[in-house]
$ cat my_file.csv   # CSV, C-alpha atoms
chain,number,residue,atom,x,y,z
A,1,MET,CA,-11.1,29.9,26.2
A,2,ALA,CA,-9.5,31.6,23.2
A,3,HIS,CA,-8.9,29.5,20.0
A,4,THR,CA,-5.1,29.5,19.6
A,5,SER,CA,-3.0,28.9,16.6
A,6,ASN,CA,-2.3,25.4,17.9
A,7,ASP,CA,-6.0,24.7,18.1
A,8,GLU,CA,-6.5,25.9,14.5
A,9,ILE,CA,-3.7,23.7,13.2
A,10,ARG,CA,-5.0,20.7,15.2
A,11,ASP,CA,-8.5,21.2,13.9
A,12,GLN,CA,-7.4,21.6,10.3
A,13,LEU,CA,-5.1,18.5,10.5
A,14,VAL,CA,-8.0,16.4,11.8
A,15,SER,CA,-10.2,17.5,8.9
A,16,HIS,CA,-7.3,16.9,6.5
A,17,GLN,CA,-7.1,13.3,7.6
A,18,VAL,CA,-10.4,12.6,5.8
A,19,GLN,CA,-8.7,13.7,2.5
A,20,LEU,CA,-5.8,11.4,3.2
A,21,LEU,CA,-8.2,8.5,3.8
A,22,ARG,CA,-9.7,9.2,0.4
A,23,PHE,CA,-6.3,9.3,-1.2
A,24,GLY,CA,-5.5,5.9,0.2
A,25,LYS,CA,-8.7,4.5,-1.0
A,26,GLY,CA,-8.2,5.9,-4.5
A,27,LEU,CA,-4.7,4.5,-4.6
A,28,ARG,CA,-6.0,1.1,-3.6
A,29,ASP,CA,-8.8,1.2,-6.2
A,30,ARG,CA,-6.2,2.0,-9.0
A,31,ILE,CA,-4.0,-0.9,-7.9
A,32,VAL,CA,-6.9,-3.3,-7.9
A,33,ALA,CA,-8.0,-2.1,-11.3
A,34,LEU,CA,-4.6,-2.9,-12.7
A,35,LEU,CA,-4.6,-6.3,-11.1
A,36,ASN,CA,-8.1,-7.1,-12.5
A,37,ARG,CA,-7.1,-5.8,-16.0
A,38,ALA,CA,-4.5,-8.5,-16.3
A,39,GLU,CA,-6.7,-11.4,-15.1
A,40,PRO,CA,-8.5,-12.4,-18.3
A,41,ASP,CA,-5.3,-13.0,-20.2
A,42,LEU,CA,-3.8,-14.8,-17.1
A,43,GLN,CA,-6.8,-17.0,-16.8
A,44,ARG,CA,-6.8,-17.9,-20.5
A,45,GLN,CA,-3.1,-18.8,-20.6
A,46,LEU,CA,-3.2,-20.7,-17.4
A,47,ARG,CA,-6.2,-22.8,-18.5
A,48,ALA,CA,-4.4,-23.6,-21.7
A,49,ARG,CA,-1.3,-24.6,-19.9
A,50,LEU,CA,-3.1,-26.7,-17.4
A,51,GLU,CA,-4.9,-28.6,-20.1
A,52,ARG,CA,-1.6,-29.5,-21.5
A,53,VAL,CA,-0.1,-30.6,-18.2
A,54,GLY,CA,-2.8,-33.2,-17.6
A,55,PHE,CA,-2.7,-35.2,-14.4
A,56,ASP,CA,0.6,-36.9,-14.5
A,57,THR,CA,2.5,-36.1,-11.2
A,58,GLY,CA,5.9,-37.3,-12.4
A,59,PRO,CA,9.0,-35.4,-13.5
A,60,SER,CA,7.3,-34.2,-16.7
A,61,THR,CA,4.6,-32.3,-14.7
A,62,THR,CA,7.3,-30.9,-12.4
A,63,ARG,CA,9.0,-29.4,-15.5
A,64,LYS,CA,5.7,-28.1,-16.7
A,65,LEU,CA,5.0,-26.5,-13.4
A,66,ILE,CA,8.3,-24.7,-13.6
A,67,LEU,CA,7.4,-23.4,-17.0
A,68,MET,CA,3.9,-22.4,-15.6
A,69,ASP,CA,5.6,-20.4,-12.9
A,70,ARG,CA,7.7,-18.7,-15.5
A,71,LEU,CA,4.5,-18.0,-17.5
A,72,ILE,CA,2.8,-16.4,-14.5
A,73,ARG,CA,5.9,-14.3,-13.9
A,74,ALA,CA,6.0,-13.2,-17.5
A,75,ILE,CA,2.3,-12.2,-17.5
A,76,LEU,CA,2.3,-10.5,-14.1
A,77,SER,CA,5.7,-8.7,-14.1
A,78,PRO,CA,4.6,-5.9,-16.5
A,79,THR,CA,1.4,-5.4,-14.3
A,80,TRP,CA,3.4,-5.2,-11.1
A,81,GLU,CA,6.0,-2.9,-12.7
A,82,THR,CA,3.1,-0.6,-13.7
A,83,ILE,CA,1.7,-0.8,-10.1
A,84,ASN,CA,5.2,-0.1,-8.7
A,85,GLN,CA,5.5,3.1,-10.9
A,86,LEU,CA,2.0,4.2,-10.0
A,87,VAL,CA,2.6,3.8,-6.3
A,88,ARG,CA,5.9,5.6,-6.3
A,89,ARG,CA,4.6,8.4,-8.4
A,90,GLU,CA,1.5,8.9,-6.3
A,91,LEU,CA,3.4,8.8,-3.0
A,92,VAL,CA,6.0,11.3,-4.2
A,93,GLY,CA,3.1,13.5,-5.2
A,94,LEU,CA,1.5,13.0,-1.8
A,95,ALA,CA,4.7,13.9,0.0
A,96,VAL,CA,5.2,17.1,-2.1
A,97,GLY,CA,1.5,18.1,-1.5
A,98,GLU,CA,1.8,17.4,2.2
A,99,VAL,CA,4.8,19.7,2.6
A,100,ALA,CA,2.9,22.4,0.8
A,101,TYR,CA,-0.2,21.9,2.8
A,102,ILE,CA,1.4,21.9,6.2
A,103,ALA,CA,3.6,24.9,5.3
A,104,GLY,CA,0.6,26.8,4.2
A,105,LEU,CA,-1.4,25.8,7.3
A,106,ILE,CA,1.4,27.1,9.6
A,107,THR,CA,1.6,30.3,7.7
A,108,GLN,CA,-2.1,31.0,7.9
A,109,ALA,CA,-2.5,29.9,11.5
A,110,LEU,CA,0.3,32.0,13.0
A,111,PRO,CA,-0.5,35.5,14.2
A,112,VAL,CA,2.8,36.8,12.9
A,113,ILE,CA,4.5,36.7,9.4
A,114,TYR,CA,6.6,33.5,9.1
A,115,GLU,CA,8.1,31.9,6.1
A,116,PRO,CA,8.5,28.1,6.8
A,117,ALA,CA,11.7,26.4,6.0
A,118,LEU,CA,11.0,23.7,3.4
A,119,PRO,CA,12.8,20.4,2.8
A,120,THR,CA,14.5,20.0,-0.6
A,121,PRO,CA,12.9,18.0,-3.4
A,122,ARG,CA,15.6,15.4,-2.9
A,123,GLN,CA,14.8,15.0,0.8
A,124,ILE,CA,11.1,14.7,0.0
A,125,ARG,CA,11.6,12.0,-2.7
A,126,SER,CA,14.0,10.1,-0.4
A,127,ILE,CA,11.1,9.7,2.1
A,128,VAL,CA,9.3,7.6,-0.5
A,129,VAL,CA,12.1,5.6,-2.1
A,130,ALA,CA,14.9,5.4,0.5
A,131,ARG,CA,13.1,5.5,3.9
A,132,PRO,CA,11.7,2.2,5.3
A,133,PHE,CA,8.3,1.9,6.7
A,134,GLN,CA,7.5,-1.0,9.0
A,135,ASN,CA,11.1,-2.1,8.5
A,136,LYS,CA,10.9,-2.4,4.7
A,137,LEU,CA,11.6,-0.1,1.7
A,138,LEU,CA,8.8,0.6,-0.7
A,139,ARG,CA,10.5,-1.5,-3.4
A,140,GLY,CA,10.8,-4.3,-0.9
A,141,TRP,CA,7.1,-4.1,-0.2
A,142,MET,CA,6.3,-4.2,-3.9
A,143,SER,CA,8.6,-7.2,-4.5
A,144,SER,CA,7.0,-9.1,-1.6
A,145,PHE,CA,3.5,-8.5,-2.9
A,146,GLU,CA,4.4,-9.7,-6.4
A,147,ALA,CA,6.2,-12.8,-5.1
A,148,ASN,CA,3.4,-13.7,-2.7
A,149,ASP,CA,0.8,-13.3,-5.4
A,150,ARG,CA,2.7,-15.7,-7.7
A,151,ARG,CA,3.4,-18.1,-4.9
A,152,ARG,CA,-0.3,-18.3,-3.9
A,153,MET,CA,-1.3,-19.1,-7.5
A,154,MET,CA,1.3,-21.9,-7.8
A,155,ASP,CA,0.3,-23.3,-4.4
A,156,GLU,CA,-3.3,-23.6,-5.7
A,157,ILE,CA,-2.2,-25.2,-8.9
A,158,ARG,CA,-0.2,-27.8,-7.1
A,159,GLN,CA,-3.0,-28.5,-4.7
A,160,GLY,CA,-5.5,-28.8,-7.5
A,161,LEU,CA,-3.3,-31.2,-9.4
A,162,LEU,CA,-2.8,-33.3,-6.3
A,163,PHE,CA,-6.6,-33.8,-6.0
A,164,ASP,CA,-7.0,-34.4,-9.8
A,165,GLU,CA,-9.0,-31.3,-10.3
A,166,THR,CA,-9.9,-30.0,-13.7
A,167,PRO,CA,-8.5,-26.8,-15.1
A,168,THR,CA,-11.8,-25.1,-14.4
A,169,GLN,CA,-11.7,-26.2,-10.8
A,170,ILE,CA,-8.1,-25.0,-10.4
A,171,GLY,CA,-9.1,-21.7,-12.0
A,172,ARG,CA,-11.8,-21.2,-9.4
A,173,ARG,CA,-9.2,-21.8,-6.7
A,174,ILE,CA,-7.1,-19.0,-8.0
A,175,PHE,CA,-9.7,-16.5,-9.4
A,176,GLY,CA,-12.8,-17.4,-7.4
A,177,THR,CA,-16.3,-17.8,-8.8
A,178,ARG,CA,-18.2,-15.4,-10.9
A,179,ALA,CA,-21.2,-15.7,-8.6
A,180,LEU,CA,-19.2,-14.3,-5.7
A,181,GLY,CA,-17.3,-11.8,-7.7
A,182,GLY,CA,-14.0,-13.6,-7.2
A,183,VAL,CA,-13.8,-13.0,-3.5
A,184,ASP,CA,-13.6,-16.7,-2.9
A,185,GLY,CA,-10.3,-17.1,-4.9
A,186,ALA,CA,-6.7,-16.9,-3.8
A,187,ARG,CA,-6.1,-13.6,-5.7
A,188,GLU,CA,-8.6,-11.9,-3.4
A,189,ILE,CA,-5.8,-11.9,-0.8
A,190,THR,CA,-3.7,-9.9,-3.2
A,191,ARG,CA,-6.5,-7.4,-3.7
A,192,ARG,CA,-7.0,-7.0,0.1
A,193,GLY,CA,-3.2,-6.6,0.3
A,194,ALA,CA,-3.5,-3.6,-2.0
A,195,GLN,CA,-5.7,-1.9,0.6
A,196,THR,CA,-3.1,-2.6,3.3
A,197,LEU,CA,-0.3,-1.3,1.1
A,198,ALA,CA,-2.2,1.9,0.2
A,199,GLN,CA,-3.3,2.7,3.8
A,200,THR,CA,0.1,1.8,5.3
A,201,SER,CA,2.2,3.7,2.8
A,202,THR,CA,-0.1,6.8,2.8
A,203,SER,CA,0.1,7.0,6.6
A,204,ALA,CA,3.9,6.3,6.7
A,205,ILE,CA,4.7,8.9,4.0
A,206,THR,CA,2.5,11.5,5.5
A,207,ASN,CA,4.0,11.1,9.0
A,208,ALA,CA,7.5,11.1,7.7
A,209,THR,CA,6.9,14.2,5.6
A,210,ARG,CA,5.5,16.1,8.5
A,211,GLN,CA,8.4,15.0,10.7
A,212,LEU,CA,10.8,16.3,8.2
A,213,LEU,CA,9.0,19.7,7.9
A,214,TYR,CA,8.7,20.0,11.6
A,215,ARG,CA,12.5,19.4,12.1
A,216,GLU,CA,13.2,22.1,9.4
A,217,ASN,CA,11.1,24.5,11.5
A,218,LYS,CA,12.1,23.4,15.0
A,219,ARG,CA,12.5,27.1,16.0
A,220,ILE,CA,8.7,27.4,16.2
A,221,ILE,CA,7.5,23.7,16.3
A,222,GLN,CA,8.7,22.1,19.5
A,223,LYS,CA,6.1,19.6,20.5
A,224,GLU,CA,3.5,17.3,18.9
A,225,LEU,CA,0.0,16.5,20.3
A,226,TYR,CA,-1.2,12.9,20.1
A,227,VAL,CA,-4.8,12.9,18.9
A,228,ALA,CA,-6.7,9.6,18.8
A,229,THR,CA,-10.1,8.8,17.4
A,230,LEU,CA,-12.0,7.7,20.6
A,231,ASP,CA,-14.4,5.1,19.4
A,232,SER,CA,-15.0,1.4,19.9
A,233,ARG,CA,-12.2,0.4,17.4
A,234,THR,CA,-9.5,2.5,19.1
A,235,THR,CA,-7.0,0.4,20.9
A,236,PRO,CA,-6.4,0.9,24.7
A,237,VAL,CA,-2.9,2.1,24.0
A,238,CYS,CA,-4.0,4.8,21.6
A,239,GLN,CA,-6.8,5.8,24.0
A,240,SER,CA,-4.2,6.2,26.8
A,241,LEU,CA,-2.0,8.4,24.5
A,242,ASP,CA,-4.7,10.8,23.4
A,243,GLY,CA,-4.0,14.3,24.5
A,244,GLN,CA,-0.4,13.7,25.4
A,245,GLU,CA,2.4,16.0,24.1
A,246,PHE,CA,5.8,14.8,22.9
A,247,PRO,CA,8.9,16.5,21.6
A,248,VAL,CA,9.0,16.4,17.8
A,249,GLY,CA,10.0,13.0,16.5
A,250,VAL,CA,10.0,11.4,20.0
A,251,GLY,CA,6.4,10.3,20.5
A,252,PRO,CA,4.9,7.0,19.3
$ encode --input "my_file.csv" --output "structure tokens"
Amino acid sequence: MAHTSNDEIRDQLVSHQVQLLRFGKGLRDRIVALLNRAEPDLQRQLRARLERVGFDTGPSTTRKLILMDRLIRAILSPTWETINQLVRRELVGLAVGEVAYIAGLITQALPVIYEPALPTPRQIRSIVVARPFQNKLLRGWMSSFEANDRRRMMDEIRQGLLFDETPTQIGRRIFGTRALGGVDGAREITRRGAQTLAQTSTSAITNATRQLLYRENKRIIQKELYVATLDSRTTPVCQSLDGQEFPVGVGP
């Protein structure tokens, strides 16, 4: 059977997925590096504040906990703002690059001369900043990650004080132990969340960008082929959809 233009585009997109996975991993690593960079100062200031709090569980400590929450917010907010700017910048770059890649792929694969219609820069940027993925805008995702990071730390501090733990013990609750590389601390949840954010946002922005480009070129792109990775980790739903065709923007 002859290898058609559709076959060529499909094969190239499957190979391109590997590059997207690398992009997502790289974004995750950069987010984690920023989080880790702020930890020594955060640990130092929290320890000093905990030593001043002592083990009184009365109104005085309540006020001090409020001040501690403000301290954590003050230390972490610049880091999360840097992460927010990084993620937005990288995802806009990803969307721009994806438009160029898909347009070039279509041009090369077709047996006739065709100049793809391209979305405007404003449309591309709006995919990142103004289009929700999993029912939440990017800024909403970033705000949630920051708030949850701070809440988990305060929860561990309150729990540690309740059990009369030392500042060192409370620090281990939050940041983990050196022997285990910090993976046994509450902040490891935040680092794992960075992987979810990077993978989810990369996939969502890539798919939305392609949909936009496909709609701009609906004269020649009328259907999409669902391609699933058929291995032991593929869900039954995805396995059942593999090989099915859908009108552009209609399929799952």
$ closest_atom_pairs --input "my_file.csv" --of "segment 131-235 of chain A" --to "segment 100-104 of chain A" --cutoff "12 Å" --atoms "only C-alpha atoms" --output "CSV"
residue,atom,partner,partner_atom,distance
A:Thr206,CA,A:Ile102,CA,10.5
A:Asn207,CA,A:Ile102,CA,11.5
A:Thr209,CA,A:Ile102,CA,9.5
A:Arg210,CA,A:Ile102,CA,7.5
A:Gln211,CA,A:Ile102,CA,10.8
A:Leu212,CA,A:Ile102,CA,11.1
A:Leu213,CA,A:Ala103,CA,7.9
A:Tyr214,CA,A:Ile102,CA,9.3
A:Glu216,CA,A:Ala103,CA,10.8
A:Asn217,CA,A:Ala103,CA,9.7
A:Ile221,CA,A:Ala103,CA,11.7
$ write_last_selection --input "my_file.csv" --atoms "C-alpha atoms" --output "compact mmCIF listing (two decimals), in the frame of the given file"
# COMPACT_ATOMS: atom_id res chain seq x y z
CA THR A 206 2.50 11.50 5.50
CA ASN A 207 4.00 11.10 9.00
CA THR A 209 6.90 14.20 5.60
CA ARG A 210 5.50 16.10 8.50
CA GLN A 211 8.40 15.00 10.70
CA LEU A 212 10.80 16.30 8.20
CA LEU A 213 9.00 19.70 7.90
CA TYR A 214 8.70 20.00 11.60
CA GLU A 216 13.20 22.10 9.40
CA ASN A 217 11.10 24.50 11.50
CA ILE A 221 7.50 23.70 16.30
$ atom_distance --input "my_file.csv" --atom1 "atom CA of Gly185 of chain A" --atom2 "atom CA of Val87 of chain A"
24.6 Å
$ residues_around --input "my_file.csv" --residues "segment 229-242 of chain A" --least-positions-apart "3" --cutoff "10 Å" --atoms "all atoms listed in the file" --output "JSON, numbers by chain"
{"A": [14, 225, 226, 245, 251, 252]}
$ closest_atom_pairs --input "my_file.csv" --of "segment 80-155 of chain A" --to "segment 186-202 of chain A" --cutoff "7 Å" --atoms "all atoms listed in the file" --output "CSV"
residue,atom,partner,partner_atom,distance
A:Asp149,CA,A:Thr190,CA,6.1
A:Arg152,CA,A:Ala186,CA,6.6
A:Met153,CA,A:Ala186,CA,6.9
$ closest_residue --input "my_file.csv" --among "A:His3, A:Met68, A:Ile205, A:Arg47" --to "Arg131 of chain A" --atoms "only C-alpha atoms"
A:Ile205
$ atom_distance --input "my_file.csv" --atom1 "atom CA of Arg151 of chain A" --atom2 "atom CA of Arg88 of chain A"
23.9 Å
$ closest_residue --input "my_file.csv" --among "A:Asp164, A:Glu90, A:Arg122, A:Ile127" --to "Arg28 of chain A" --atoms "all atoms listed in the file"
A:Glu90
$ residues_around --input "my_file.csv" --residues "Arg139 of chain A" --least-positions-apart "2" --cutoff "10 Å" --atoms "only C-alpha atoms" --output "PDB file with C-alpha atoms, in the frame of the given file"
ATOM      1  CA  ASN A  84       5.200  -0.100  -8.700  1.00  0.00           C
ATOM      2  CA  VAL A  87       2.600   3.800  -6.300  1.00  0.00           C
ATOM      3  CA  ARG A  88       5.900   5.600  -6.300  1.00  0.00           C
ATOM      4  CA  VAL A 128       9.300   7.600  -0.500  1.00  0.00           C
ATOM      5  CA  VAL A 129      12.100   5.600  -2.100  1.00  0.00           C
ATOM      6  CA  ALA A 130      14.900   5.400   0.500  1.00  0.00           C
ATOM      7  CA  PRO A 132      11.700   2.200   5.300  1.00  0.00           C
ATOM      8  CA  LYS A 136      10.900  -2.400   4.700  1.00  0.00           C
ATOM      9  CA  LEU A 137      11.600  -0.100   1.700  1.00  0.00           C
ATOM     10  CA  TRP A 141       7.100  -4.100  -0.200  1.00  0.00           C
ATOM     11  CA  MET A 142       6.300  -4.200  -3.900  1.00  0.00           C
ATOM     12  CA  SER A 143       8.600  -7.200  -4.500  1.00  0.00           C
ATOM     13  CA  SER A 144       7.000  -9.100  -1.600  1.00  0.00           C
ATOM     14  CA  PHE A 145       3.500  -8.500  -2.900  1.00  0.00           C
TER      15      PHE A 145
END
$ atom_distance --input "my_file.csv" --atom1 "atom CA of Leu34 of chain A" --atom2 "atom CA of Thr168 of chain A"
23.4 Å
$ closest_residue --input "my_file.csv" --among "A:Arg73, A:Arg30, A:Arg37, A:Arg173" --to "Leu86 of chain A" --atoms "all atoms listed in the file"
A:Arg30
$ residues_around --input "my_file.csv" --residues "Arg52 of chain A" --least-positions-apart "4" --cutoff "10 Å" --atoms "only C-alpha atoms" --output "VMD selection string"
chain A and resid 46 to 48 61 64 167
$ closest_residue --input "my_file.csv" --among "A:Asp69, A:Gln123, A:Phe246, A:Ala74" --to "Asp155 of chain A" --atoms "all atoms listed in the file"
A:Asp69
$ closest_residue --input "my_file.csv" --among "A:Ala204, A:Met154, A:Val112, A:Ala179" --to "Gln134 of chain A" --atoms "only C-alpha atoms"
A:Ala204
$ closest_residue --input "my_file.csv" --among "A:Leu27, A:Ile157, A:Ala109, A:Ala147" --to "Asp11 of chain A" --atoms "all atoms listed in the file"
A:Ala109
$ decode --input "my_file.csv" --residues "segment 8-20 of chain A" --atoms "all heavy atoms" --output "tab-separated table (two decimals), in the first residue's frame"
chain	number	residue	atom	x	y	z
A	8	GLU	N	2.35	10.09	6.22
A	8	GLU	CA	3.58	10.82	6.53
A	8	GLU	C	3.37	11.79	7.69
A	8	GLU	O	4.20	11.87	8.61
A	8	GLU	CB	4.04	11.59	5.28
A	8	GLU	CG	5.28	12.45	5.49
A	8	GLU	CD	6.51	11.63	5.79
A	8	GLU	OE1	6.53	10.42	5.47
A	8	GLU	OE2	7.47	12.20	6.36
A	9	ILE	N	2.26	12.50	7.68
A	9	ILE	CA	1.96	13.44	8.77
A	9	ILE	C	1.79	12.69	10.08
A	9	ILE	O	2.31	13.11	11.12
A	9	ILE	CB	0.70	14.26	8.43
A	9	ILE	CG1	0.99	15.21	7.26
A	9	ILE	CG2	0.22	15.05	9.64
A	9	ILE	CD1	-0.23	15.94	6.75
A	10	ARG	N	1.08	11.57	10.04
A	10	ARG	CA	0.88	10.78	11.26
A	10	ARG	C	2.22	10.30	11.83
A	10	ARG	O	2.48	10.44	13.03
A	10	ARG	CB	0.00	9.57	10.96
A	10	ARG	CG	-0.24	8.63	12.15
A	10	ARG	CD	-0.61	7.25	11.67
A	10	ARG	NE	0.47	6.67	10.85
A	10	ARG	CZ	0.26	5.76	9.91
A	10	ARG	NH1	-0.97	5.33	9.65
A	10	ARG	NH2	1.28	5.28	9.21
A	11	ASP	N	3.07	9.76	10.97
A	11	ASP	CA	4.36	9.23	11.44
A	11	ASP	C	5.23	10.33	12.03
A	11	ASP	O	5.88	10.14	13.07
A	11	ASP	CB	5.10	8.55	10.28
A	11	ASP	CG	4.40	7.29	9.80
A	11	ASP	OD1	3.48	6.81	10.50
A	11	ASP	OD2	4.75	6.80	8.70
A	12	GLN	N	5.22	11.49	11.39
A	12	GLN	CA	6.03	12.60	11.89
A	12	GLN	C	5.50	13.12	13.23
A	12	GLN	O	6.27	13.49	14.12
A	12	GLN	CB	6.07	13.73	10.86
A	12	GLN	CG	6.84	13.41	9.59
A	12	GLN	CD	8.32	13.17	9.87
A	12	GLN	OE1	8.90	13.77	10.77
A	12	GLN	NE2	8.91	12.26	9.09
A	13	LEU	N	4.19	13.15	13.37
A	13	LEU	CA	3.60	13.63	14.63
A	13	LEU	C	3.88	12.67	15.78
A	13	LEU	O	4.11	13.10	16.91
A	13	LEU	CB	2.09	13.83	14.47
A	13	LEU	CG	1.66	15.06	13.69
A	13	LEU	CD1	0.14	15.09	13.54
A	13	LEU	CD2	2.13	16.33	14.38
A	14	VAL	N	3.89	11.38	15.49
A	14	VAL	CA	4.22	10.40	16.52
A	14	VAL	C	5.66	10.59	16.98
A	14	VAL	O	5.97	10.57	18.18
A	14	VAL	CB	3.99	8.96	16.00
A	14	VAL	CG1	4.57	7.95	16.98
A	14	VAL	CG2	2.50	8.69	15.81
A	15	SER	N	6.57	10.80	16.03
A	15	SER	CA	7.97	11.04	16.39
A	15	SER	C	8.12	12.36	17.15
A	15	SER	O	8.92	12.45	18.09
A	15	SER	CB	8.84	11.07	15.12
A	15	SER	OG	8.81	9.83	14.45
A	16	HIS	N	7.35	13.35	16.73
A	16	HIS	CA	7.42	14.66	17.36
A	16	HIS	C	6.98	14.61	18.81
A	16	HIS	O	7.41	15.43	19.64
A	16	HIS	CB	6.53	15.64	16.58
A	16	HIS	CG	6.55	17.04	17.09
A	16	HIS	ND1	7.69	17.80	17.18
A	16	HIS	CD2	5.54	17.84	17.54
A	16	HIS	CE1	7.39	19.00	17.66
A	16	HIS	NE2	6.09	19.04	17.89
A	17	GLN	N	6.14	13.63	19.16
A	17	GLN	CA	5.66	13.51	20.53
A	17	GLN	C	6.81	13.31	21.51
A	17	GLN	O	6.75	13.75	22.66
A	17	GLN	CB	4.67	12.35	20.62
A	17	GLN	CG	3.89	12.30	21.93
A	17	GLN	CD	2.97	13.50	22.11
A	17	GLN	OE1	2.57	14.12	21.14
A	17	GLN	NE2	2.67	13.82	23.36
A	18	VAL	N	7.86	12.65	21.06
A	18	VAL	CA	9.03	12.44	21.92
A	18	VAL	C	9.65	13.78	22.29
A	18	VAL	O	10.05	14.00	23.44
A	18	VAL	CB	10.07	11.54	21.21
A	18	VAL	CG1	11.34	11.42	22.04
A	18	VAL	CG2	9.48	10.17	20.92
A	19	GLN	N	9.74	14.70	21.33
A	19	GLN	CA	10.28	16.03	21.61
A	19	GLN	C	9.40	16.79	22.61
A	19	GLN	O	9.91	17.50	23.48
A	19	GLN	CB	10.40	16.83	20.31
A	19	GLN	CG	11.30	16.19	19.26
A	19	GLN	CD	12.73	16.04	19.75
A	19	GLN	OE1	13.24	16.90	20.46
A	19	GLN	NE2	13.36	14.94	19.37
A	20	LEU	N	8.09	16.61	22.49
A	20	LEU	CA	7.18	17.28	23.43
A	20	LEU	C	7.34	16.74	24.84
A	20	LEU	O	7.26	17.49	25.82
A	20	LEU	CB	5.74	17.13	22.95
A	20	LEU	CG	5.40	17.83	21.63
A	20	LEU	CD1	3.98	17.49	21.20
A	20	LEU	CD2	5.56	19.34	21.77
